[in-house]
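Okay, work36.txt is below, compact mmCIF, N, CA and C atoms:
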```txt
# COMPACT_ATOMS: atom_id res chain seq x y z
N MET A 16 -26.90 7.23 2.62
CA MET A 16 -26.90 8.28 1.62
C MET A 16 -25.50 8.84 1.39
N ASN A 17 -24.72 9.04 2.45
CA ASN A 17 -23.39 9.60 2.32
C ASN A 17 -22.31 8.54 2.20
N ASP A 18 -22.70 7.28 1.97
CA ASP A 18 -21.71 6.22 1.82
C ASP A 18 -20.75 6.50 0.67
N TYR A 19 -21.25 7.11 -0.40
CA TYR A 19 -20.38 7.40 -1.53
C TYR A 19 -19.27 8.36 -1.13
N LYS A 20 -19.54 9.30 -0.23
CA LYS A 20 -18.51 10.22 0.23
C LYS A 20 -17.45 9.49 1.05
N LYS A 21 -17.89 8.55 1.87
CA LYS A 21 -16.93 7.79 2.68
C LYS A 21 -16.06 6.92 1.79
N GLU A 22 -16.66 6.29 0.80
CA GLU A 22 -15.90 5.44 -0.12
C GLU A 22 -14.93 6.29 -0.95
N MET A 23 -15.40 7.44 -1.41
CA MET A 23 -14.55 8.34 -2.17
C MET A 23 -13.38 8.81 -1.30
N GLY A 24 -13.68 9.20 -0.07
CA GLY A 24 -12.64 9.64 0.86
C GLY A 24 -11.60 8.57 1.12
N MET A 25 -12.07 7.32 1.23
CA MET A 25 -11.16 6.21 1.46
C MET A 25 -10.22 6.02 0.27
N ARG A 26 -10.77 6.12 -0.96
CA ARG A 26 -9.93 5.97 -2.15
C ARG A 26 -8.89 7.09 -2.21
N ILE A 27 -9.30 8.30 -1.87
CA ILE A 27 -8.38 9.44 -1.86
C ILE A 27 -7.28 9.21 -0.82
N ARG A 28 -7.66 8.81 0.37
CA ARG A 28 -6.69 8.59 1.45
C ARG A 28 -5.68 7.50 1.09
N VAL A 29 -6.18 6.38 0.55
CA VAL A 29 -5.30 5.27 0.19
C VAL A 29 -4.30 5.71 -0.87
N ARG A 30 -4.78 6.42 -1.88
CA ARG A 30 -3.90 6.87 -2.95
C ARG A 30 -2.88 7.90 -2.44
N ARG A 31 -3.33 8.83 -1.60
CA ARG A 31 -2.43 9.85 -1.04
C ARG A 31 -1.31 9.18 -0.26
N LYS A 32 -1.67 8.21 0.57
CA LYS A 32 -0.66 7.52 1.37
C LYS A 32 0.29 6.71 0.50
N LYS A 33 -0.25 6.12 -0.55
CA LYS A 33 0.59 5.34 -1.47
C LYS A 33 1.64 6.24 -2.13
N LEU A 34 1.29 7.48 -2.39
CA LEU A 34 2.22 8.44 -2.98
C LEU A 34 3.09 9.15 -1.93
N LEU A 35 2.89 8.79 -0.66
CA LEU A 35 3.64 9.37 0.46
C LEU A 35 3.44 10.87 0.56
N LEU A 36 2.22 11.31 0.29
CA LEU A 36 1.87 12.73 0.42
C LEU A 36 1.11 12.94 1.72
N THR A 37 1.26 14.11 2.32
CA THR A 37 0.53 14.43 3.55
C THR A 37 -0.76 15.17 3.21
N GLN A 38 -1.65 15.18 4.17
CA GLN A 38 -2.87 15.97 4.01
C GLN A 38 -2.52 17.44 3.82
N GLU A 39 -1.51 17.90 4.51
CA GLU A 39 -1.09 19.29 4.41
C GLU A 39 -0.65 19.64 2.99
N GLU A 40 0.12 18.74 2.38
CA GLU A 40 0.61 18.98 1.02
C GLU A 40 -0.54 19.06 0.02
N ILE A 41 -1.48 18.13 0.16
CA ILE A 41 -2.63 18.12 -0.76
C ILE A 41 -3.50 19.35 -0.54
N ALA A 42 -3.79 19.65 0.72
CA ALA A 42 -4.63 20.81 1.04
C ALA A 42 -4.02 22.09 0.48
N GLU A 43 -2.71 22.23 0.61
CA GLU A 43 -2.03 23.43 0.09
C GLU A 43 -2.19 23.52 -1.43
N GLN A 44 -2.00 22.39 -2.12
CA GLN A 44 -2.10 22.40 -3.57
C GLN A 44 -3.53 22.69 -4.04
N LEU A 45 -4.51 22.26 -3.25
CA LEU A 45 -5.91 22.51 -3.60
C LEU A 45 -6.39 23.89 -3.16
N GLY A 46 -5.66 24.51 -2.24
CA GLY A 46 -6.08 25.80 -1.73
C GLY A 46 -7.23 25.69 -0.73
N VAL A 47 -7.23 24.57 0.02
CA VAL A 47 -8.25 24.38 1.07
C VAL A 47 -7.52 24.17 2.39
N SER A 48 -8.26 24.25 3.47
CA SER A 48 -7.65 24.02 4.78
C SER A 48 -7.39 22.53 4.98
N VAL A 49 -6.44 22.23 5.86
CA VAL A 49 -6.15 20.83 6.19
C VAL A 49 -7.39 20.20 6.83
N LYS A 50 -8.09 20.97 7.64
CA LYS A 50 -9.32 20.47 8.28
C LYS A 50 -10.34 20.05 7.22
N HIS A 51 -10.51 20.89 6.20
CA HIS A 51 -11.47 20.56 5.14
C HIS A 51 -11.04 19.30 4.41
N PHE A 52 -9.75 19.21 4.06
CA PHE A 52 -9.29 18.03 3.34
C PHE A 52 -9.42 16.78 4.20
N SER A 53 -9.16 16.91 5.48
CA SER A 53 -9.34 15.78 6.40
C SER A 53 -10.80 15.32 6.40
N GLU A 54 -11.71 16.27 6.37
CA GLU A 54 -13.14 15.94 6.34
C GLU A 54 -13.53 15.26 5.03
N VAL A 55 -12.86 15.63 3.94
CA VAL A 55 -13.10 14.97 2.65
C VAL A 55 -12.68 13.50 2.76
N GLU A 56 -11.49 13.27 3.30
CA GLU A 56 -10.99 11.90 3.43
C GLU A 56 -11.85 11.06 4.36
N ARG A 57 -12.48 11.69 5.33
CA ARG A 57 -13.36 10.96 6.26
C ARG A 57 -14.78 10.83 5.73
N GLY A 58 -15.05 11.42 4.56
CA GLY A 58 -16.37 11.31 3.96
C GLY A 58 -17.42 12.21 4.56
N LEU A 59 -16.97 13.26 5.24
CA LEU A 59 -17.92 14.17 5.88
C LEU A 59 -18.35 15.30 4.95
N THR A 60 -17.54 15.59 3.95
CA THR A 60 -17.84 16.65 3.00
C THR A 60 -17.23 16.30 1.66
N GLY A 61 -17.52 17.11 0.67
CA GLY A 61 -16.97 16.85 -0.67
C GLY A 61 -16.09 18.00 -1.13
N LEU A 62 -15.68 17.92 -2.37
CA LEU A 62 -14.87 18.97 -2.99
C LEU A 62 -15.62 19.54 -4.18
N SER A 63 -15.27 20.75 -4.55
CA SER A 63 -15.84 21.34 -5.75
C SER A 63 -15.35 20.56 -6.97
N ILE A 64 -16.03 20.72 -8.08
CA ILE A 64 -15.61 20.08 -9.33
C ILE A 64 -14.18 20.49 -9.67
N GLU A 65 -13.89 21.78 -9.53
CA GLU A 65 -12.55 22.28 -9.84
C GLU A 65 -11.49 21.57 -9.00
N ASN A 66 -11.77 21.42 -7.71
CA ASN A 66 -10.80 20.77 -6.83
C ASN A 66 -10.74 19.26 -7.05
N LEU A 67 -11.84 18.66 -7.46
CA LEU A 67 -11.79 17.23 -7.81
C LEU A 67 -10.88 17.02 -9.01
N ILE A 68 -10.96 17.92 -9.99
CA ILE A 68 -10.09 17.82 -11.17
C ILE A 68 -8.63 18.00 -10.76
N LYS A 69 -8.36 19.01 -9.92
CA LYS A 69 -6.99 19.22 -9.44
C LYS A 69 -6.49 18.00 -8.68
N LEU A 70 -7.35 17.45 -7.83
CA LEU A 70 -6.96 16.30 -7.02
C LEU A 70 -6.66 15.09 -7.90
N SER A 71 -7.44 14.92 -8.94
CA SER A 71 -7.19 13.85 -9.90
C SER A 71 -5.79 13.96 -10.49
N ASP A 72 -5.40 15.18 -10.85
CA ASP A 72 -4.07 15.42 -11.39
C ASP A 72 -2.98 15.19 -10.34
N ILE A 73 -3.20 15.68 -9.15
CA ILE A 73 -2.22 15.54 -8.07
C ILE A 73 -1.97 14.07 -7.75
N LEU A 74 -3.06 13.30 -7.66
CA LEU A 74 -2.94 11.90 -7.28
C LEU A 74 -2.66 10.97 -8.46
N GLY A 75 -2.79 11.51 -9.68
CA GLY A 75 -2.53 10.69 -10.85
C GLY A 75 -3.54 9.59 -11.06
N ILE A 76 -4.80 9.88 -10.72
CA ILE A 76 -5.88 8.91 -10.92
C ILE A 76 -7.05 9.62 -11.60
N SER A 77 -7.91 8.83 -12.21
CA SER A 77 -9.03 9.41 -12.96
C SER A 77 -10.14 9.88 -12.03
N LEU A 78 -10.95 10.79 -12.55
CA LEU A 78 -12.13 11.23 -11.80
C LEU A 78 -13.09 10.06 -11.59
N ASP A 79 -13.21 9.18 -12.59
CA ASP A 79 -14.07 8.00 -12.44
C ASP A 79 -13.65 7.19 -11.22
N TYR A 80 -12.34 7.02 -11.06
CA TYR A 80 -11.88 6.23 -9.91
C TYR A 80 -12.15 6.96 -8.61
N ILE A 81 -11.87 8.25 -8.56
CA ILE A 81 -12.12 8.99 -7.32
C ILE A 81 -13.59 8.93 -6.94
N ILE A 82 -14.46 9.20 -7.90
CA ILE A 82 -15.89 9.32 -7.61
C ILE A 82 -16.60 7.98 -7.52
N LYS A 83 -16.34 7.10 -8.49
CA LYS A 83 -17.09 5.84 -8.56
C LYS A 83 -16.29 4.59 -8.23
N GLY A 84 -14.97 4.74 -8.12
CA GLY A 84 -14.15 3.57 -7.82
C GLY A 84 -13.84 2.73 -9.04
N GLU A 85 -14.10 3.28 -10.23
CA GLU A 85 -13.85 2.56 -11.47
C GLU A 85 -12.59 3.11 -12.12
N ALA A 86 -11.64 2.23 -12.36
CA ALA A 86 -10.39 2.65 -12.97
C ALA A 86 -10.50 2.64 -14.48
N ASP A 87 -9.84 3.60 -15.11
CA ASP A 87 -9.75 3.60 -16.57
C ASP A 87 -8.90 2.42 -17.02
N LYS A 88 -9.18 1.92 -18.20
CA LYS A 88 -8.37 0.83 -18.74
C LYS A 88 -6.94 1.29 -18.99
N CYS A 89 -6.78 2.48 -19.51
CA CYS A 89 -5.44 3.00 -19.78
C CYS A 89 -5.49 4.52 -19.65
N ASP A 90 -4.89 5.03 -18.63
CA ASP A 90 -4.89 6.46 -18.39
C ASP A 90 -3.46 6.97 -18.47
N TRP A 91 -3.01 7.24 -19.70
CA TRP A 91 -1.62 7.63 -19.93
C TRP A 91 -1.28 8.96 -19.28
N ASP A 92 -2.21 9.90 -19.25
CA ASP A 92 -1.91 11.19 -18.64
C ASP A 92 -1.57 11.02 -17.16
N SER A 93 -2.33 10.16 -16.47
CA SER A 93 -2.05 9.92 -15.06
C SER A 93 -0.72 9.23 -14.87
N THR A 94 -0.42 8.28 -15.75
CA THR A 94 0.85 7.57 -15.67
C THR A 94 2.01 8.54 -15.88
N LEU A 95 1.90 9.39 -16.88
CA LEU A 95 2.95 10.37 -17.14
C LEU A 95 3.10 11.35 -15.97
N SER A 96 1.99 11.71 -15.38
CA SER A 96 2.02 12.62 -14.24
C SER A 96 2.80 12.00 -13.09
N LEU A 97 2.58 10.72 -12.85
CA LEU A 97 3.31 10.03 -11.78
C LEU A 97 4.79 9.91 -12.11
N LEU A 98 5.10 9.60 -13.38
CA LEU A 98 6.50 9.46 -13.77
C LEU A 98 7.26 10.78 -13.62
N GLU A 99 6.58 11.89 -13.85
CA GLU A 99 7.22 13.20 -13.71
C GLU A 99 7.62 13.49 -12.26
N ARG A 100 7.00 12.80 -11.32
CA ARG A 100 7.30 13.02 -9.90
C ARG A 100 8.45 12.16 -9.39
N VAL A 101 8.92 11.25 -10.21
CA VAL A 101 10.00 10.37 -9.79
C VAL A 101 11.28 11.20 -9.60
N PRO A 102 11.90 11.07 -8.43
CA PRO A 102 13.14 11.81 -8.20
C PRO A 102 14.21 11.39 -9.21
N LYS A 103 15.08 12.31 -9.56
CA LYS A 103 16.13 12.07 -10.56
C LYS A 103 16.94 10.82 -10.23
N GLU A 104 17.24 10.62 -8.95
CA GLU A 104 18.08 9.49 -8.57
C GLU A 104 17.37 8.14 -8.75
N LYS A 105 16.07 8.15 -8.97
CA LYS A 105 15.30 6.90 -9.17
C LYS A 105 14.95 6.65 -10.63
N GLU A 106 15.31 7.57 -11.53
CA GLU A 106 14.92 7.44 -12.94
C GLU A 106 15.46 6.17 -13.58
N SER A 107 16.69 5.79 -13.26
CA SER A 107 17.26 4.59 -13.88
C SER A 107 16.49 3.35 -13.44
N LEU A 108 16.04 3.32 -12.21
CA LEU A 108 15.24 2.19 -11.72
C LEU A 108 13.92 2.11 -12.49
N ILE A 109 13.28 3.24 -12.70
CA ILE A 109 12.02 3.27 -13.45
C ILE A 109 12.24 2.79 -14.88
N LYS A 110 13.32 3.26 -15.52
CA LYS A 110 13.62 2.83 -16.88
C LYS A 110 13.84 1.32 -16.95
N ASP A 111 14.56 0.78 -15.96
CA ASP A 111 14.78 -0.67 -15.92
C ASP A 111 13.46 -1.43 -15.76
N LEU A 112 12.57 -0.92 -14.92
CA LEU A 112 11.27 -1.56 -14.73
C LEU A 112 10.44 -1.54 -16.01
N ILE A 113 10.49 -0.43 -16.73
CA ILE A 113 9.75 -0.32 -17.99
C ILE A 113 10.32 -1.31 -19.01
N LYS A 114 11.65 -1.39 -19.11
CA LYS A 114 12.28 -2.35 -20.02
C LYS A 114 11.88 -3.78 -19.66
N LEU A 115 11.87 -4.09 -18.38
CA LEU A 115 11.48 -5.43 -17.93
C LEU A 115 10.03 -5.72 -18.31
N GLY A 116 9.15 -4.73 -18.11
CA GLY A 116 7.74 -4.89 -18.48
C GLY A 116 7.57 -5.15 -19.97
N ILE A 117 8.35 -4.45 -20.77
CA ILE A 117 8.28 -4.65 -22.24
C ILE A 117 8.76 -6.05 -22.59
N GLN A 118 9.84 -6.48 -21.97
CA GLN A 118 10.36 -7.83 -22.24
C GLN A 118 9.35 -8.90 -21.83
N LEU A 119 8.75 -8.74 -20.68
CA LEU A 119 7.77 -9.73 -20.19
C LEU A 119 6.54 -9.78 -21.08
N SER A 120 6.14 -8.63 -21.61
CA SER A 120 4.95 -8.60 -22.46
C SER A 120 5.20 -9.27 -23.81
N LYS A 121 6.46 -9.40 -24.20
CA LYS A 121 6.79 -10.05 -25.46
C LYS A 121 6.79 -11.57 -25.33
N ASN A 122 6.91 -12.07 -24.13
CA ASN A 122 6.96 -13.53 -23.90
C ASN A 122 5.60 -14.14 -23.84
```

What does the file become when written as structure tokens?
Amino acid sequence: MNDYKKEMGMRIRVRRKKLLLTQEEIAEQLGVSVKHFSEVERGLTGLSIENLIKLSDILGISLDYIIKGEADKCDWDSTLSLLERVPKEKESLIKDLIKLGIQLSKN
């Protein structure tokens, strides 16, 4: 019955780690305790709708992906959210990657 919570928690944990964020950082942004957020990642409890929406923004992934594991075909808001987090010293690298992607898509 609670398998969906465990799967959801796993998706949250994987994405958080991919973004190099700590449980403490996420918990603070959500306004929940680290213990509570840890329990979410372990699938022991859930989050309110409001906090799921916040978490979606923080992690730059859709609610569909968090809840059901289904990714949107094109989620520009999430992509832009992630790009806004790129440190200034890495912006030129990101621009080069985007240019390369555009060139490859033309071939």

Take every atom of region 24-37 of chain A listed in the file, pad by 8 Å on each side, and give me the axis-aligned box centre and edge lengths in Å, one decimal, as lines of an AutoDock Vina configuration file.
```
center_x = -5.0
center_y = 10.2
center_z = 0.3
size_x = 33.3
size_y = 25.9
size_z = 22.5
```

List the spatial neighbours of Tyr19 (chain A) as a PyMOL selection string - criterion: any atom at most 7 Å away, all atoms listed in the file, same-chain residues fewer than 4 positions off excluded. chain A and resi 23-24+58+82

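Proximity ranking of A:Glu40, A:Glu22, A:Asp111, A:Asp72 relative to Arg57 (chain A) places A:Glu22 first, based on all atoms listed in the file.
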
So the first atom is CA of Leu45 (chain A) and the second is CA of Asn66 (chain A); what is the distance between them in Å, to one decimal place?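 Between CA of Leu45 (chain A) and CA of Asn66 (chain A) the gap works out to 6.1 Å.
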
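Between atom N of Ile41 (chain A) and atom C of Lys110 (chain A) the separation is 28.5 Å.
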
Please indicate the distance in Å from atom C of Arg31 (chain A) to CA of Leu74 (chain A), rounded to one decimal place.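 If I compute the distance from atom C of Arg31 (chain A) to CA of Leu74 (chain A), I get 7.7 Å.
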